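Enquirer: Quick one: this structure, given as structure tokens, is what I'll be asking you about.
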Amino acid sequence: MLGLSEKASRKRAVTKYETTVNQTSISADATQPGINDRSRSARFESQMLPFMSEAYNLARWIMKDESDARDATQDAYVKAFRYFESFHGDSGRAWLLRIVRNVCYDALRARDSHRNIISIDEEMVAAAADPKPAPNVIAIREATQLRVREAIEALPLEFRTVIILRELEGFSYKEISGIVGVPIGTVMSRLSRARQQLATLLQEEGENE
Amino acid sequence: MNCEETLILLDAYFDNELDLSKGIAIDEHLSTCSSCPFEFEQRVALRNRLEDLDLRHHVPANLADRIRQELALPSRLKQKIIPFPAVAWIPAATAAVAVFGAFLFANIERLLPAETSLLAEVASDHIRSLIGTHLIDVESSDEHTIKPWFAGKVDFSPPVLDFADQGFKLVGGRLDYVRGKNVAVLVYRFKKHYVSLFMYREPNSEPASKQELLNYQGYNLVYWNVNGLDCWAISDAAPGTLLEFVKIQQQEHS
């Protein structure tokens, strides 16, 4: 959950934003929303609101909690609305999900700075290429929905994020690189490690049955 | 290319992110290596499994309202969500159903004049195609198989394009009926979801300057008009996905 102080500061931030808009509005009557506000809202609505499903899905997978995911999605939309002028690109989906990802990571840091955020040593990727007992493909093919969900949730945060962005949302490496804020090579190595871990997790759970 | 280099690039190869020359080098290695193909197969198995399962988390009921409220946006889209009354009305007496049904229908008419019955027709066609066996009349991912199939069945030649590269794989076409006339329907697959693209000639249609996202019984629909063709895309895929599909279609047709 977000702390109370953080919720309060979000409220403050929104209020402050509205004040700014009213001041710069061309409307003479400060109590009426100006034409600029309305068209801006309409643009935001048509360009950003359709991606709520993707935004919530990512937040839910990162936060691993429904209530936290709701808060994060809402916070992300508030932020997106505030910084909407900085959206110039063609993929609103990637732009919004970048904000969702950042909001979630911030919230996780606030929630638990030790348990959830792991720092990934990119050098570990080289070690992943070492020969290891290879997971059984059949275990992957037969994994149940619950087991796969649990395995994804058990992945380290950074791995979980790239798996969701690639396998569930179908983003390209370049887009993932923009959303997550790491170079394309890092996206590639994280995905590689994530897939191997996922395969191993599914295998282990299969053996425990 | 040796095993070590291959394994480093294997995911990029699997995700179609490698340039041609590296891709060919990996092709060659995979055809001769005894262990690397297994690594590749594992990724294929994993992706297939993830695609077959329903792993998306769905937006909680009132979250959209909360966000609109927070941003002080009018709840416009919400009004366009057309309720599906059937289940709710079943327990009611038949007469009551008739009366209320008429009332509800009038309500829908007010929300979306003229388009609602059409919307319902398109949606029912799509839903029927998923439940029954009439998803596809001509099964092919080949544009040149499907396009001629429509000749003589509809009064125009529908643009038939495969977008497998963008995730929307053309799986076939079918003939359906909307407002009493034959319409061409292309069926695409996006992951687990089917997208039906309805097309029919409507010379009287005003060219729609922008498409509109609608929702009917949980299905998302987008309507647009291009070159005298009325187009409807419908799917249970996420609204964002459907809008991407429409964007790709519009780019190709314009």
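Going through the structure tokens in order, the chains are called A, B, and so on, while each chain numbers its residues from 1 and the ligands are numbered from 1 in the order shown.
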Residues of chain A within 7 Å of chain B, counting only C-alpha atoms - could you list those as a list in words?
Expert: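 Residues passing the distance filter: Ser41, Pro50, Phe51, Ser53, Tyr56, Asn57, Arg60, Arg70, Gln74, Val78, Ala129, Val137, Ile140, Arg141, Gln145, Arg149, Glu167, Met188 and Ser192 of chain A.
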Enquirer: Go ahead and write the residues just picked, N, CA and C atoms, as a PDB file, in the first residue's frame.
Expert:
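The resulting file, again_37.pdb, is reproduced below:
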ATOM      1  N   SER A  41      -8.329  17.363 -22.310  1.00  0.00           N
ATOM      2  CA  SER A  41      -8.958  16.215 -21.651  1.00  0.00           C
ATOM      3  C   SER A  41      -9.470  15.214 -22.664  1.00  0.00           C
ATOM      4  N   PRO A  50      -7.862   4.187 -23.458  1.00  0.00           N
ATOM      5  CA  PRO A  50      -8.011   2.830 -24.027  1.00  0.00           C
ATOM      6  C   PRO A  50      -6.958   1.831 -23.546  1.00  0.00           C
ATOM      7  N   PHE A  51      -5.874   2.320 -22.965  1.00  0.00           N
ATOM      8  CA  PHE A  51      -4.808   1.405 -22.550  1.00  0.00           C
ATOM      9  C   PHE A  51      -4.891   1.038 -21.077  1.00  0.00           C
ATOM     10  N   SER A  53      -6.434  -1.305 -19.634  1.00  0.00           N
ATOM     11  CA  SER A  53      -6.305  -2.741 -19.419  1.00  0.00           C
ATOM     12  C   SER A  53      -4.830  -3.150 -19.357  1.00  0.00           C
ATOM     13  N   TYR A  56      -3.205  -1.589 -16.138  1.00  0.00           N
ATOM     14  CA  TYR A  56      -3.527  -2.316 -14.902  1.00  0.00           C
ATOM     15  C   TYR A  56      -2.830  -3.679 -14.880  1.00  0.00           C
ATOM     16  N   ASN A  57      -2.845  -4.353 -16.014  1.00  0.00           N
ATOM     17  CA  ASN A  57      -2.220  -5.680 -16.072  1.00  0.00           C
ATOM     18  C   ASN A  57      -0.742  -5.621 -15.666  1.00  0.00           C
ATOM     19  N   ARG A  60      -0.452  -4.828 -11.971  1.00  0.00           N
ATOM     20  CA  ARG A  60      -0.856  -5.960 -11.144  1.00  0.00           C
ATOM     21  C   ARG A  60       0.249  -7.020 -11.086  1.00  0.00           C
ATOM     22  N   ARG A  70      -4.206  -1.156  -8.202  1.00  0.00           N
ATOM     23  CA  ARG A  70      -5.211  -0.111  -8.467  1.00  0.00           C
ATOM     24  C   ARG A  70      -4.622   1.263  -8.172  1.00  0.00           C
ATOM     25  N   GLN A  74      -3.883   4.210 -10.938  1.00  0.00           N
ATOM     26  CA  GLN A  74      -4.469   5.539 -10.773  1.00  0.00           C
ATOM     27  C   GLN A  74      -3.371   6.609 -10.701  1.00  0.00           C
ATOM     28  N   VAL A  78      -2.718   9.811 -13.247  1.00  0.00           N
ATOM     29  CA  VAL A  78      -2.607  11.191 -12.775  1.00  0.00           C
ATOM     30  C   VAL A  78      -1.312  11.806 -13.317  1.00  0.00           C
ATOM     31  N   ALA A 129      24.878 -18.753 -19.581  1.00  0.00           N
ATOM     32  CA  ALA A 129      25.181 -19.528 -20.780  1.00  0.00           C
ATOM     33  C   ALA A 129      25.915 -20.826 -20.451  1.00  0.00           C
ATOM     34  N   VAL A 137      11.054 -29.871 -21.543  1.00  0.00           N
ATOM     35  CA  VAL A 137      10.076 -29.126 -22.338  1.00  0.00           C
ATOM     36  C   VAL A 137       8.648 -29.568 -22.012  1.00  0.00           C
ATOM     37  N   ILE A 140       7.049 -27.727 -19.241  1.00  0.00           N
ATOM     38  CA  ILE A 140       6.557 -26.404 -19.644  1.00  0.00           C
ATOM     39  C   ILE A 140       5.221 -26.537 -20.358  1.00  0.00           C
ATOM     40  N   ARG A 141       5.153 -27.494 -21.269  1.00  0.00           N
ATOM     41  CA  ARG A 141       3.933 -27.646 -22.074  1.00  0.00           C
ATOM     42  C   ARG A 141       2.722 -27.990 -21.221  1.00  0.00           C
ATOM     43  N   GLN A 145      -2.333 -23.205 -15.425  1.00  0.00           N
ATOM     44  CA  GLN A 145      -2.431 -21.750 -15.331  1.00  0.00           C
ATOM     45  C   GLN A 145      -1.913 -21.251 -13.981  1.00  0.00           C
ATOM     46  N   ARG A 149       1.320 -18.841 -13.339  1.00  0.00           N
ATOM     47  CA  ARG A 149       1.165 -17.568 -12.625  1.00  0.00           C
ATOM     48  C   ARG A 149       2.136 -17.471 -11.459  1.00  0.00           C
ATOM     49  N   GLU A 167       6.025 -11.062 -23.537  1.00  0.00           N
ATOM     50  CA  GLU A 167       5.162 -12.210 -23.836  1.00  0.00           C
ATOM     51  C   GLU A 167       3.670 -11.887 -23.750  1.00  0.00           C
ATOM     52  N   MET A 188      17.641  -7.795 -23.867  1.00  0.00           N
ATOM     53  CA  MET A 188      17.875  -9.132 -24.404  1.00  0.00           C
ATOM     54  C   MET A 188      18.385 -10.077 -23.317  1.00  0.00           C
ATOM     55  N   SER A 192      16.465 -13.317 -21.644  1.00  0.00           N
ATOM     56  CA  SER A 192      17.092 -14.629 -21.721  1.00  0.00           C
ATOM     57  C   SER A 192      17.117 -15.282 -20.340  1.00  0.00           C
TER      58      SER A 192
END
Enquirer: Can you list, as a ChimeraX atom specification, every protein, DNA or RNA residue that comes within 7 Å of Ile184 (chain A) when you count only C-alpha atoms, leaving out same-chain residues fewer than 4 positions away?
Expert: /A:173-174,177,188
Enquirer: Selection from above, C-alpha atoms, as an mmCIF file, in the first residue's frame, can you write it?
Expert:
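Full text of result18.cif as output:
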data_model
loop_
_atom_site.group_PDB
_atom_site.id
_atom_site.type_symbol
_atom_site.label_atom_id
_atom_site.label_comp_id
_atom_site.auth_asym_id
_atom_site.auth_seq_id
_atom_site.Cartn_x
_atom_site.Cartn_y
_atom_site.Cartn_z
ATOM 1 C CA TYR A 173 13.071 -4.864 -27.633
ATOM 2 C CA LYS A 174 13.325 -1.212 -28.576
ATOM 3 C CA SER A 177 14.154 -0.573 -23.690
ATOM 4 C CA MET A 188 17.875 -9.132 -24.404
#
Enquirer: When you look at Met48 (chain A) with a cut-off of 8 Å (counting only C-alpha atoms), what residues show up, excluding the ones that are within fewer than 6 positions of it in the same chain? I need them as a list in words.
Expert: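 Listed by chain and then number, they are Gly92, Arg93 and Leu96 of chain A.
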Enquirer: Export, as a PDB file, in the first residue's frame, the selected residues with N, CA and C atoms.
Expert:
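Full text of part_31.pdb as output:
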ATOM      1  N   GLY A  92       1.216   5.492 -27.731  1.00  0.00           N
ATOM      2  CA  GLY A  92       0.691   5.911 -26.438  1.00  0.00           C
ATOM      3  C   GLY A  92       0.769   4.781 -25.429  1.00  0.00           C
ATOM      4  N   ARG A  93       0.657   3.566 -25.931  1.00  0.00           N
ATOM      5  CA  ARG A  93       0.697   2.395 -25.077  1.00  0.00           C
ATOM      6  C   ARG A  93       2.055   2.306 -24.376  1.00  0.00           C
ATOM      7  N   LEU A  96       2.558   5.304 -21.882  1.00  0.00           N
ATOM      8  CA  LEU A  96       1.808   5.136 -20.629  1.00  0.00           C
ATOM      9  C   LEU A  96       2.434   4.043 -19.765  1.00  0.00           C
TER      10      LEU A  96
END
Enquirer: In Å, how far is it from CA of Lys79 (chain A) to CA of Val103 (chain A)?
Expert: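 CA of Lys79 (chain A) sits 8.7 Å away from CA of Val103 (chain A).
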Enquirer: Quick check, in Å to one decimal: how far apart do CA of Arg101 (chain A) and CA of Glu85 (chain A) lie?
Expert: 19.2 Å
Enquirer: Would you please work out which residue, of B:Gln217, B:Phe198, B:Phe40, B:Asp137, is nearest to Ala199 (chain A) when using only C-alpha atoms?
Expert: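 Result for the nearest residue to Ala199 (chain A): B:Phe40.
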Enquirer: Please determine, counting only C-alpha atoms, which residue among A:Leu191, A:Ala139, A:Ile99, A:Ala80 has the shortest atom-to-atom distance to Val162 (chain A).
Expert: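 Of A:Leu191, A:Ala139, A:Ile99, A:Ala80, the one nearest Val162 (chain A), counting only C-alpha atoms, is A:Leu191.
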Enquirer: With only C-alpha atoms as the atoms that count, which of B:Cys231, B:Met1, B:Lys181, B:Asp236 lies nearest to Thr32 (chain B)?
Expert: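 Selected residue with least distance to Thr32 (chain B): B:Met1.
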Enquirer: Nearest to Val195 (chain B): which of B:Leu30, B:Leu18, B:Ala120, B:Ile136 is it, counting only C-alpha atoms?
Expert: B:Ile136
Enquirer: Would you kindly return, as a PyMOL selection string, each protein, DNA or RNA residue with an atom no farther than 10 Å from any atom of Ile176 (chain A), considering only C-alpha atoms and excluding same-chain residues fewer than 4 positions away?
Expert: chain A and resi 94+97-98+161-162+165-166+170-172+180-184+187-188
Enquirer: Can you measure CA of Ile152 (chain A) to CA of Gly218 (chain B) for me? One decimal in Å is fine.
Expert: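 So the answer is 27.2 Å.
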Enquirer: Counting only C-alpha atoms, which residue out of B:Ser196, B:Leu130, B:Ile234, B:Ile248 sits closest to Val171 (chain B)?
Expert: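 Comparing B:Ser196, B:Leu130, B:Ile234, B:Ile248 against Val171 (chain B), the winner is B:Ser196.
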Enquirer: Would you mind listing what lies within 12 Å of Leu186 (chain B) as a PDB file with C-alpha atoms, in the first residue's frame, with only C-alpha atoms counted and same-chain residues fewer than 5 positions away left out?
Expert:
ATOM      1  CA  HIS B 126     -18.980 -12.269 -34.124  1.00  0.00           C
ATOM      2  CA  SER B 129     -19.009 -17.308 -35.030  1.00  0.00           C
ATOM      3  CA  LEU B 135     -15.802 -18.848 -37.538  1.00  0.00           C
ATOM      4  CA  ILE B 136     -14.262 -19.341 -40.937  1.00  0.00           C
ATOM      5  CA  ASP B 137     -15.616 -20.282 -44.384  1.00  0.00           C
ATOM      6  CA  VAL B 138     -12.297 -20.143 -46.152  1.00  0.00           C
ATOM      7  CA  GLU B 139      -9.351 -21.046 -44.004  1.00  0.00           C
ATOM      8  CA  SER B 140      -6.089 -19.566 -45.160  1.00  0.00           C
ATOM      9  CA  SER B 141      -3.424 -17.099 -44.215  1.00  0.00           C
ATOM     10  CA  ASP B 142      -2.873 -16.423 -47.894  1.00  0.00           C
ATOM     11  CA  GLU B 143      -4.252 -13.105 -49.118  1.00  0.00           C
ATOM     12  CA  ILE B 146      -9.094 -15.376 -49.540  1.00  0.00           C
ATOM     13  CA  LYS B 147      -9.568 -12.382 -51.823  1.00  0.00           C
ATOM     14  CA  TRP B 149     -13.039 -16.421 -52.598  1.00  0.00           C
ATOM     15  CA  PHE B 150     -15.172 -13.346 -51.956  1.00  0.00           C
ATOM     16  CA  PRO B 158     -12.340  -6.496 -50.029  1.00  0.00           C
ATOM     17  CA  PRO B 159      -8.765  -5.531 -49.226  1.00  0.00           C
ATOM     18  CA  VAL B 160      -7.216  -8.661 -47.717  1.00  0.00           C
ATOM     19  CA  LEU B 161      -3.932  -8.242 -45.851  1.00  0.00           C
ATOM     20  CA  ASP B 162      -2.060 -10.381 -43.379  1.00  0.00           C
ATOM     21  CA  PHE B 163      -0.441  -8.619 -40.413  1.00  0.00           C
ATOM     22  CA  PHE B 168      -2.357 -10.116 -36.108  1.00  0.00           C
ATOM     23  CA  LYS B 169      -2.300 -13.301 -38.096  1.00  0.00           C
ATOM     24  CA  LEU B 170      -4.841 -13.660 -40.866  1.00  0.00           C
ATOM     25  CA  VAL B 171      -6.560 -17.007 -40.356  1.00  0.00           C
ATOM     26  CA  GLY B 172      -9.408 -16.875 -42.833  1.00  0.00           C
ATOM     27  CA  GLY B 173     -12.533 -15.254 -44.137  1.00  0.00           C
ATOM     28  CA  ARG B 174     -16.250 -15.822 -43.916  1.00  0.00           C
ATOM     29  CA  LEU B 175     -19.450 -14.529 -45.352  1.00  0.00           C
ATOM     30  CA  ASP B 176     -21.874 -12.992 -42.896  1.00  0.00           C
ATOM     31  CA  TYR B 194      -9.952 -13.623 -32.537  1.00  0.00           C
ATOM     32  CA  VAL B 195     -10.620 -10.359 -34.282  1.00  0.00           C
ATOM     33  CA  SER B 196     -13.419 -10.193 -36.857  1.00  0.00           C
ATOM     34  CA  LEU B 197     -13.138  -7.433 -39.425  1.00  0.00           C
ATOM     35  CA  PHE B 198     -16.511  -6.760 -41.079  1.00  0.00           C
ATOM     36  CA  MET B 199     -16.542  -4.866 -44.365  1.00  0.00           C
ATOM     37  CA  TYR B 200     -19.408  -3.837 -46.592  1.00  0.00           C
ATOM     38  CA  CYS B 231     -15.568  -1.331 -41.408  1.00  0.00           C
ATOM     39  CA  TRP B 232     -16.168  -2.871 -38.005  1.00  0.00           C
ATOM     40  CA  ALA B 233     -13.471  -4.548 -35.979  1.00  0.00           C
ATOM     41  CA  ILE B 234     -14.627  -6.568 -33.001  1.00  0.00           C
ATOM     42  CA  GLN B 249      -5.552  -1.562 -41.105  1.00  0.00           C
TER      43      GLN B 249
END
Enquirer: Given only C-alpha atoms as the basis, pick out the residue of A:Leu49, A:Ala69, A:Ala151, A:Leu146 nearest to Ile163 (chain A).
Expert: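 Comparing A:Leu49, A:Ala69, A:Ala151, A:Leu146 against Ile163 (chain A), the winner is A:Ala151.
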